[in-house]
Amino acid sequence: MSFLRITSPHGHSPLSTTQVMQAVLLATLPGIAVLTWFFGPGTILNIVFGGLLALAFEAMALRLRDRNPKPYLQDYSVLVTSTLLCIALPPYAPWWLIATGILSAVILGKHVFGGLGYNPFNPAMVGYVVLLISFPLQMSTWQAPRGLGEIPGVTESLTALFVPASYDGVTMATPLDILRQNKGLLLDDLFSNTPQFGQWAGVGWEWVNIAFLAGGAWLIYRGIFTWHAPIAMLLTLGLCAAIGFDSGSSESGGSPLFHWLSGATMFGAFFIVTDPVSGATSNRGRFVFGALVGILLYLIRVAGNYPDALAFAVLILNFAAPFIDQYTRPVTYGHKPTKEEDQ
Amino acid sequence: MNSVFNIHGGIHPEEEKHLSNPGTVLDAGLPPSLVLPLSQHIGKPSSLLVEPGDQVLGGQLLADADGMVSVPLHAPTSGTVVAIEPRPVPHPSALNNLCLELACDGEDRWVASAGCEDWRAETPESLIARIRAAGIAGMGGAGFPTAVKLMARDRLPLHTLIINGTECEPYITADDTLMQVDAVGIVEGAQILAYILGVEQILLAVEDNKPAALEAMQAAVKATDGSCEVMTFPTKYPSGGEKQLIEILTGQQVPAGGLPADLGIVCQNPGTAVAARDAICLGKPLTDRIVTLTGRALTRPGNYRTRLGTPIEYLLAIAGFDPSDNRRLIHGGPMMGFALESAAVPIVKTTNCILVPTEQELPTPPAAQACIRCGLCAEACPASLLPQQLYWYARAKDQEQLERHHLADCIECGACSWVCPSHIPLVQYYRAAKGMMRESKSEKIRSDRSRDRFEARQERLEQETLAREAQRAARRAAAEQKAAEGGADDPVAAAIARAKAKKDNASDKGAES
């Protein structure tokens, strides 16, 4: 009788990469729900349409690379990429904008480098930056939140998606834009005089951020990723904001709470900065990576020219990740920390 | 009780210890024949003392230790030596090795043996000699000759003996069972070992998932003088790794490339302690051990007292093997054990467990997916390595980076592979990479040696050429000098003169005719 010869270990934890990806998708649901409540069904349409395109592009890329697409499509990784990109895109974006973004993310961000696990940059952010630089107008057209403008219905959303330039909903500058352009008002006055500002940050945005924070906290609890990168990013962002707060004067860069709950902060902290493939790999490295993203995020938000800064901050740090890895290795059992640094 | 320390990483796989009903020892009985490999330990194989056809008694010496790092081998029962030839042995390589087959006569007659009355009256050297003569090698799995380990006392100052009853591998309950049925033997063995080593402290380490063993050990320790202490700590794999256990108990780390003895510590397995006690107090050589037969493909799993050399197929029949949903036979536990190709191999001194799972229980792993650098492996690594980085460097065969990332400190516990959501056989990559590094190191030594040889040869040839040229030059110089000294002596001029004279002679004759 002959038995199967397999190398040890013979057991395995129940967690698979497919389940990791599914958990990440699941954790985006609260954020998507709140986005939909405040800005209408545009985000969901983006995600569905983008997801289908992403699967098609992934299958095509795998065929071109002479791989059997089936096992790769089942790992859900491309759906994570497309979902994250579509969450970041403005709702009611035209179909070609989404298609260009997904194509850039899947082909340029992922398969050009060899597919899942080999991409040095966050694919969703590659897609986002390609769009932001190529189509700044479409990328900064944000629907006004519920309470400040009328929310489009499903039919209007579908029309906006498939009939280019048909969308004429109510759009407004986001609180981050308003704050950057504010030159005369004290922060308190800005909050009370501008309808886009809510309790702590922008109307709607503060709840979107809280929802993504909740999803992220659940992922940390599940052990899908560690706290190091997101917490470090929030810490340095808060620290920079505290330094630039300027006691709420007209020159103020906004309070830490404002920055934590504005734009893509929580979404970025828990769903983008935590991307393991393109980030730093040790826990210390992730902490450094997150901390640097937080600083860059603040600087680009306050001094830069774009509506938000997450994609740039993350892509720049993606360049630095291998370098960070070399200098943040943990101390191996039986080795001394000082000797380690000398090598 | 001292406080214990935490180690980095670790995992919590299903323990499955209850399957083999720890605490009860069953008798595996006497198989028709035993197959005894001459190498059941680390070091040189034992050298044979018997020939086919010899009648032997139980406890008789069959093969003696060959050199320092080697152990002798004894007959586990009486019978006839029927064959001495290469046979399959339980080893990851699946290669054959020289074995001795003993046909049991069923009478189980033994040579007379005697232990020493009072081991405290003996010198440590004579006790080490008895342990050596009893053929004891570490029974926890590695099989390092115990006597050699005990000789650390000559080189380094020691203070602590740790009896490692952690048994952190899932499924295995051999040590758990031994602690329950013979705690007194373990404690006495530990005291003997401590006396040999000259240490004052004995720590008996038991994981907290073995309450019955813990209780038995505590009761056994109560009757002693107070040098023994039972330590317990939370269950986590691989707390029983020697280096990990030392950190848990002392908070200290064994320096990289060093031994526990560098910290003044020696670790021994409970089975080894009992074997040492039996060797010294009863004069009994190591010829049997407790083996956990477990897995859901067995209808009668349990802990069986098994004679060394018992074929695994015999044991599988005893334990009620049902092959219908089984594809794997594992020597050792599910984390570090290796899969055997055939059940026609014997139990050896290091066999603590034979695991025969069903496919449902431990399924054949699916195809590996891409590494997404999720870092779960780094979270799990008890050596604080970065398995995800080692994986890339192993695939790239980047030896410099493998060394920088301390591949050599990997203990191959398998925690990284266990957690890997992409089912990448990481440990296998590290084993291959370690092999590659070893190979290229010895390759380098070889090529250094042949370069040295080549250069030496070149130099020798050059010198020979120079010497020849010098000789030639010397000869020429001598000849020239000779020529210069006297023209008559010049052989060429003389020859020309002779020829001329001959010619003149001839023309004279012609003129005459």
# chains A, B, ... in the order shown; residues from 1 in each chain; ligands from 1
$ residues_around --residues "region 121-128 of chain B" --least-positions-apart "4" --cutoff "7 Å" --atoms "only C-alpha atoms" --output "JSON, numbers by chain"
{"B": [132, 147, 196, 280]}
$ select_by_dssp --residues "region 96-202 of chain A" --states "strand (DSSP E or B)" --output "PyMOL selection string"
chain A and resi 143+146+149+171+197+202
$ residues_around --residues "Ile6 (chain A)" --least-positions-apart "4" --cutoff "9 Å" --atoms "only C-alpha atoms" --output "PDB file with C-alpha atoms, in the first residue's frame"
ATOM      1  CA  HIS A  10      -0.228  18.474   7.412  1.00  0.00           C
TER       2      HIS A  10
ATOM      3  CA  ARG B 328      -1.598   9.839   4.408  1.00  0.00           C
ATOM      4  CA  PHE B 338       6.812  13.619   7.816  1.00  0.00           C
ATOM      5  CA  ALA B 339       4.622  11.556   5.536  1.00  0.00           C
ATOM      6  CA  LEU B 340       5.670   7.953   5.003  1.00  0.00           C
ATOM      7  CA  THR B 364      -4.857  17.155   0.941  1.00  0.00           C
ATOM      8  CA  PRO B 365      -3.806  20.802   0.485  1.00  0.00           C
TER       9      PRO B 365
END
$ interface_residues --of "chain A" --to "chain B" --cutoff "7 Å" --atoms "only C-alpha atoms" --output "list in words"
Met1, Ser2, Phe3, Leu4, Arg5, Ile6, Thr7, Ser8, Pro9, His10, Gly11, His12, Ser13, Leu15, Ser16, Thr17, Leu116, Gly117, Pro276, Val277, Thr281, Pro330, Val331, Thr332, Tyr333, Gly334 and His335 of chain A
$ atom_distance --atom1 "CA of Gln143 (chain A)" --atom2 "CA of Ala105 (chain A)"
24.0 Å
$ atom_distance --atom1 "CA of Val266 (chain B)" --atom2 "CA of Asp288 (chain B)"
24.1 Å
$ residues_around --residues "Ala214 (chain A)" --least-positions-apart "6" --cutoff "10 Å" --atoms "only C-alpha atoms" --output "ChimeraX atom specification"
/A:27-28,30-31,208,266,270
$ residues_around --residues "Gly248 (chain A)" --least-positions-apart "6" --cutoff "12 Å" --atoms "only C-alpha atoms" --output "PDB file with N, CA and C atoms, in the first residue's frame"
ATOM      1  N   LEU A 179     -12.360  74.428   2.800  1.00  0.00           N
ATOM      2  CA  LEU A 179     -11.400  74.811   3.819  1.00  0.00           C
ATOM      3  C   LEU A 179     -10.101  75.302   3.176  1.00  0.00           C
ATOM      4  N   ASN A 182     -10.619  78.737   1.895  1.00  0.00           N
ATOM      5  CA  ASN A 182     -11.027  79.727   2.886  1.00  0.00           C
ATOM      6  C   ASN A 182      -9.847  80.625   3.244  1.00  0.00           C
ATOM      7  N   GLY A 184     -10.726  83.997   4.695  1.00  0.00           N
ATOM      8  CA  GLY A 184     -11.166  85.084   5.560  1.00  0.00           C
ATOM      9  C   GLY A 184     -11.888  84.689   6.836  1.00  0.00           C
ATOM     10  N   LEU A 185     -12.486  83.506   6.861  1.00  0.00           N
ATOM     11  CA  LEU A 185     -13.364  83.197   7.982  1.00  0.00           C
ATOM     12  C   LEU A 185     -12.651  82.390   9.062  1.00  0.00           C
ATOM     13  N   LEU A 186     -13.030  82.673  10.332  1.00  0.00           N
ATOM     14  CA  LEU A 186     -12.591  81.814  11.416  1.00  0.00           C
ATOM     15  C   LEU A 186     -13.257  80.458  11.219  1.00  0.00           C
ATOM     16  N   LEU A 187     -12.625  79.433  11.765  1.00  0.00           N
ATOM     17  CA  LEU A 187     -13.128  78.085  11.548  1.00  0.00           C
ATOM     18  C   LEU A 187     -14.562  77.928  12.059  1.00  0.00           C
ATOM     19  N   ASP A 188     -14.836  78.530  13.219  1.00  0.00           N
ATOM     20  CA  ASP A 188     -16.178  78.414  13.797  1.00  0.00           C
ATOM     21  C   ASP A 188     -17.210  79.055  12.874  1.00  0.00           C
ATOM     22  N   ASP A 189     -16.841  80.217  12.312  1.00  0.00           N
ATOM     23  CA  ASP A 189     -17.762  80.898  11.398  1.00  0.00           C
ATOM     24  C   ASP A 189     -17.979  80.085  10.140  1.00  0.00           C
ATOM     25  N   LEU A 190     -16.893  79.483   9.673  1.00  0.00           N
ATOM     26  CA  LEU A 190     -16.980  78.664   8.471  1.00  0.00           C
ATOM     27  C   LEU A 190     -17.980  77.536   8.688  1.00  0.00           C
ATOM     28  N   PHE A 191     -17.897  76.898   9.846  1.00  0.00           N
ATOM     29  CA  PHE A 191     -18.808  75.792  10.164  1.00  0.00           C
ATOM     30  C   PHE A 191     -20.249  76.278  10.233  1.00  0.00           C
ATOM     31  N   ALA A 241      -2.475  67.812  11.972  1.00  0.00           N
ATOM     32  CA  ALA A 241      -3.629  68.710  12.040  1.00  0.00           C
ATOM     33  C   ALA A 241      -3.594  69.530  13.324  1.00  0.00           C
ATOM     34  N   ALA A 242      -3.157  68.877  14.408  1.00  0.00           N
ATOM     35  CA  ALA A 242      -3.087  69.601  15.684  1.00  0.00           C
ATOM     36  C   ALA A 242      -2.076  70.733  15.598  1.00  0.00           C
ATOM     37  N   GLY A 254      -7.542  73.141   9.778  1.00  0.00           N
ATOM     38  CA  GLY A 254      -8.601  72.234  10.215  1.00  0.00           C
ATOM     39  C   GLY A 254      -8.169  71.414  11.410  1.00  0.00           C
ATOM     40  N   SER A 255      -9.137  71.023  12.230  1.00  0.00           N
ATOM     41  CA  SER A 255      -8.821  70.281  13.456  1.00  0.00           C
ATOM     42  C   SER A 255      -8.511  68.833  13.145  1.00  0.00           C
ATOM     43  N   PRO A 256      -7.856  68.126  14.067  1.00  0.00           N
ATOM     44  CA  PRO A 256      -7.639  66.689  13.864  1.00  0.00           C
ATOM     45  C   PRO A 256      -8.947  65.944  13.580  1.00  0.00           C
ATOM     46  N   PHE A 258     -11.649  67.058  12.277  1.00  0.00           N
ATOM     47  CA  PHE A 258     -12.097  67.391  10.926  1.00  0.00           C
ATOM     48  C   PHE A 258     -11.370  66.528   9.904  1.00  0.00           C
TER      49      PHE A 258
END
$ residues_around --residues "region 317-329 of chain A" --least-positions-apart "2" --cutoff "8 Å" --atoms "only C-alpha atoms" --output "VMD selection string"
(chain A and resid 120 to 122 278 to 282 284 to 285 288 to 289 292 to 293 313 to 315 331 341) or (chain B and resid 386)
$ atom_distance --atom1 "CA of Ala319 (chain B)" --atom2 "CA of Gly141 (chain B)"
22.1 Å
$ residues_around --residues "Ile178 (chain A)" --least-positions-apart "2" --cutoff "10 Å" --atoms "only C-alpha atoms" --output "short mmCIF file (atom, residue, chain, number, x, y, z; two decimals) with N, CA and C atoms, in the first residue's frame"
data_model
loop_
_atom_site.label_atom_id
_atom_site.label_comp_id
_atom_site.auth_asym_id
_atom_site.auth_seq_id
_atom_site.Cartn_x
_atom_site.Cartn_y
_atom_site.Cartn_z
N MET A 172 -21.61 70.08 -5.43
CA MET A 172 -21.09 71.09 -4.51
C MET A 172 -19.63 70.83 -4.22
N ALA A 173 -18.94 71.87 -3.83
CA ALA A 173 -17.55 71.69 -3.38
C ALA A 173 -17.58 70.91 -2.07
N THR A 174 -16.59 70.04 -1.89
CA THR A 174 -16.52 69.28 -0.63
C THR A 174 -15.90 70.15 0.46
N PRO A 175 -16.14 69.81 1.71
CA PRO A 175 -15.60 70.61 2.81
C PRO A 175 -14.09 70.80 2.73
N LEU A 176 -13.36 69.76 2.26
CA LEU A 176 -11.91 69.90 2.15
C LEU A 176 -11.54 71.02 1.18
N ARG A 180 -9.67 74.60 2.10
CA ARG A 180 -8.42 75.00 1.47
C ARG A 180 -8.54 76.41 0.88
N GLN A 181 -9.73 76.73 0.33
CA GLN A 181 -9.89 78.03 -0.31
C GLN A 181 -10.29 79.13 0.67
N ASN A 182 -10.62 78.74 1.89
CA ASN A 182 -11.03 79.73 2.89
C ASN A 182 -9.85 80.63 3.24
N LYS A 183 -10.07 81.93 3.09
CA LYS A 183 -8.98 82.85 3.45
C LYS A 183 -9.43 83.84 4.52
N LEU A 190 -16.89 79.48 9.67
CA LEU A 190 -16.98 78.66 8.47
C LEU A 190 -17.98 77.54 8.69
N THR A 194 -21.44 77.80 6.43
CA THR A 194 -21.43 77.00 5.21
C THR A 194 -22.30 75.77 5.41
N GLN A 196 -22.38 73.01 3.88
CA GLN A 196 -21.72 71.70 3.70
C GLN A 196 -21.09 71.19 5.00
N PHE A 197 -20.88 72.07 5.98
CA PHE A 197 -20.25 71.61 7.21
C PHE A 197 -21.29 71.09 8.18
N PRO A 307 -8.52 67.71 -4.78
CA PRO A 307 -9.59 67.62 -3.79
C PRO A 307 -9.20 66.78 -2.58
#
$ select_by_dssp --residues "region 47-219 of chain A" --states "helix (DSSP H, G or I)" --output "number ranges by chain"
A: 47-64, 69-73, 77-88, 95-108, 111-113, 123-134, 136-139, 154-162, 175-181, 187-193, 205-219
$ write_last_selection --atoms "C-alpha atoms" --output "mmCIF file, in the first residue's frame"
data_model
loop_
_atom_site.group_PDB
_atom_site.id
_atom_site.type_symbol
_atom_site.label_atom_id
_atom_site.label_comp_id
_atom_site.auth_asym_id
_atom_site.auth_seq_id
_atom_site.Cartn_x
_atom_site.Cartn_y
_atom_site.Cartn_z
ATOM 1 C CA ILE A 47 -19.361 49.149 -7.938
ATOM 2 C CA VAL A 48 -21.577 46.715 -9.870
ATOM 3 C CA PHE A 49 -20.601 48.051 -13.276
ATOM 4 C CA GLY A 50 -16.931 48.350 -12.298
ATOM 5 C CA GLY A 51 -16.909 44.849 -10.827
ATOM 6 C CA LEU A 52 -18.237 43.273 -14.019
ATOM 7 C CA LEU A 53 -15.684 45.162 -16.087
ATOM 8 C CA ALA A 54 -12.911 44.191 -13.708
ATOM 9 C CA LEU A 55 -13.766 40.486 -13.984
ATOM 10 C CA ALA A 56 -13.761 40.804 -17.766
ATOM 11 C CA PHE A 57 -10.429 42.653 -17.855
ATOM 12 C CA GLU A 58 -8.883 40.216 -15.401
ATOM 13 C CA ALA A 59 -9.992 37.230 -17.481
ATOM 14 C CA MET A 60 -8.665 38.895 -20.606
ATOM 15 C CA ALA A 61 -5.322 39.730 -19.006
ATOM 16 C CA LEU A 62 -4.954 36.177 -17.697
ATOM 17 C CA ARG A 63 -5.729 34.752 -21.145
ATOM 18 C CA LEU A 64 -3.123 37.049 -22.676
ATOM 19 C CA PRO A 69 -8.421 32.451 -15.487
ATOM 20 C CA LYS A 70 -10.714 30.295 -13.387
ATOM 21 C CA PRO A 71 -8.691 29.878 -10.154
ATOM 22 C CA TYR A 72 -7.569 33.512 -10.285
ATOM 23 C CA LEU A 73 -11.078 34.877 -10.780
ATOM 24 C CA SER A 77 -8.854 40.026 -5.508
ATOM 25 C CA VAL A 78 -9.888 41.896 -8.630
ATOM 26 C CA LEU A 79 -13.295 42.577 -7.096
ATOM 27 C CA VAL A 80 -11.588 44.120 -4.087
ATOM 28 C CA THR A 81 -9.560 46.379 -6.398
ATOM 29 C CA SER A 82 -12.574 47.418 -8.442
ATOM 30 C CA THR A 83 -14.788 47.944 -5.410
ATOM 31 C CA LEU A 84 -12.225 50.131 -3.687
ATOM 32 C CA LEU A 85 -11.680 52.173 -6.838
ATOM 33 C CA CYS A 86 -15.426 52.579 -7.408
ATOM 34 C CA ILE A 87 -15.980 53.709 -3.830
ATOM 35 C CA ALA A 88 -13.397 56.423 -4.429
ATOM 36 C CA TRP A 95 -19.310 54.704 -17.896
ATOM 37 C CA TRP A 96 -16.148 55.549 -19.797
ATOM 38 C CA LEU A 97 -14.598 57.126 -16.733
ATOM 39 C CA ILE A 98 -15.185 53.957 -14.742
ATOM 40 C CA ALA A 99 -13.991 51.765 -17.623
ATOM 41 C CA THR A 100 -10.787 53.767 -17.994
ATOM 42 C CA GLY A 101 -10.159 53.596 -14.275
ATOM 43 C CA ILE A 102 -10.767 49.844 -14.042
ATOM 44 C CA LEU A 103 -8.655 49.172 -17.125
ATOM 45 C CA SER A 104 -5.778 51.197 -15.675
ATOM 46 C CA ALA A 105 -6.102 49.541 -12.286
ATOM 47 C CA VAL A 106 -6.318 45.953 -13.534
ATOM 48 C CA ILE A 107 -3.919 46.091 -16.457
ATOM 49 C CA LEU A 108 -1.505 48.896 -15.571
ATOM 50 C CA HIS A 111 -1.079 42.508 -14.608
ATOM 51 C CA VAL A 112 1.738 44.507 -16.154
ATOM 52 C CA PHE A 113 3.753 43.572 -13.084
ATOM 53 C CA PRO A 123 -3.875 49.023 -8.234
ATOM 54 C CA ALA A 124 -6.990 50.918 -7.155
ATOM 55 C CA MET A 125 -4.929 54.031 -6.510
ATOM 56 C CA VAL A 126 -3.139 53.667 -9.860
ATOM 57 C CA GLY A 127 -6.545 53.697 -11.549
ATOM 58 C CA TYR A 128 -7.659 56.635 -9.432
ATOM 59 C CA VAL A 129 -4.602 58.765 -10.174
ATOM 60 C CA VAL A 130 -4.777 58.060 -13.920
ATOM 61 C CA LEU A 131 -8.341 59.399 -13.859
ATOM 62 C CA LEU A 132 -7.604 62.307 -11.547
ATOM 63 C CA ILE A 133 -4.807 63.586 -13.751
ATOM 64 C CA SER A 134 -6.590 62.893 -17.051
ATOM 65 C CA PRO A 136 -9.906 66.481 -13.273
ATOM 66 C CA LEU A 137 -13.338 67.965 -13.973
ATOM 67 C CA GLN A 138 -15.283 64.685 -13.890
ATOM 68 C CA MET A 139 -13.276 63.508 -10.916
ATOM 69 C CA VAL A 154 -32.099 54.617 -9.806
ATOM 70 C CA THR A 155 -33.260 55.572 -13.316
ATOM 71 C CA GLU A 156 -31.448 58.866 -13.218
ATOM 72 C CA SER A 157 -28.370 57.087 -11.943
ATOM 73 C CA LEU A 158 -28.468 54.585 -14.800
ATOM 74 C CA THR A 159 -28.863 57.398 -17.300
ATOM 75 C CA ALA A 160 -25.957 59.257 -15.750
ATOM 76 C CA LEU A 161 -23.852 56.119 -16.106
ATOM 77 C CA PHE A 162 -24.675 55.221 -19.690
ATOM 78 C CA PRO A 175 -15.600 70.614 2.812
ATOM 79 C CA LEU A 176 -11.910 69.901 2.148
ATOM 80 C CA ASP A 177 -12.048 72.182 -0.899
ATOM 81 C CA ILE A 178 -13.871 74.896 0.986
ATOM 82 C CA LEU A 179 -11.400 74.811 3.819
ATOM 83 C CA ARG A 180 -8.422 75.002 1.467
ATOM 84 C CA GLN A 181 -9.895 78.025 -0.310
ATOM 85 C CA LEU A 187 -13.128 78.085 11.548
ATOM 86 C CA ASP A 188 -16.178 78.414 13.797
ATOM 87 C CA ASP A 189 -17.762 80.898 11.398
ATOM 88 C CA LEU A 190 -16.980 78.664 8.471
ATOM 89 C CA PHE A 191 -18.808 75.792 10.164
ATOM 90 C CA SER A 192 -21.862 77.902 11.011
ATOM 91 C CA ASN A 193 -22.030 79.800 7.686
ATOM 92 C CA TRP A 205 -18.770 62.742 5.058
ATOM 93 C CA GLU A 206 -18.427 62.442 8.802
ATOM 94 C CA TRP A 207 -20.808 59.486 8.827
ATOM 95 C CA VAL A 208 -19.183 57.920 5.774
ATOM 96 C CA ASN A 209 -15.866 58.025 7.627
ATOM 97 C CA ILE A 210 -17.335 56.595 10.803
ATOM 98 C CA ALA A 211 -18.858 53.735 8.795
ATOM 99 C CA PHE A 212 -15.530 52.880 7.132
ATOM 100 C CA LEU A 213 -13.881 53.075 10.544
ATOM 101 C CA ALA A 214 -16.371 50.509 11.815
ATOM 102 C CA GLY A 215 -15.700 48.181 8.887
ATOM 103 C CA GLY A 216 -11.953 48.537 9.405
ATOM 104 C CA ALA A 217 -12.202 47.866 13.116
ATOM 105 C CA TRP A 218 -14.049 44.642 12.312
ATOM 106 C CA LEU A 219 -11.250 43.569 9.945
#
$ closest_residue --among "B:Asp262, B:Asp108, B:Glu207, B:Asp448" --to "Thr160 (chain B)" --atoms "only C-alpha atoms"
B:Asp262
$ closest_residue --among "B:Asn6, B:Gln191, B:Thr292, B:Ser227" --to "Ser239 (chain B)" --atoms "only C-alpha atoms"
B:Asn6
$ closest_residue --among "B:Glu215, B:Glu15, B:Asp504, B:Glu169" --to "Met231 (chain B)" --atoms "only C-alpha atoms"
B:Glu215
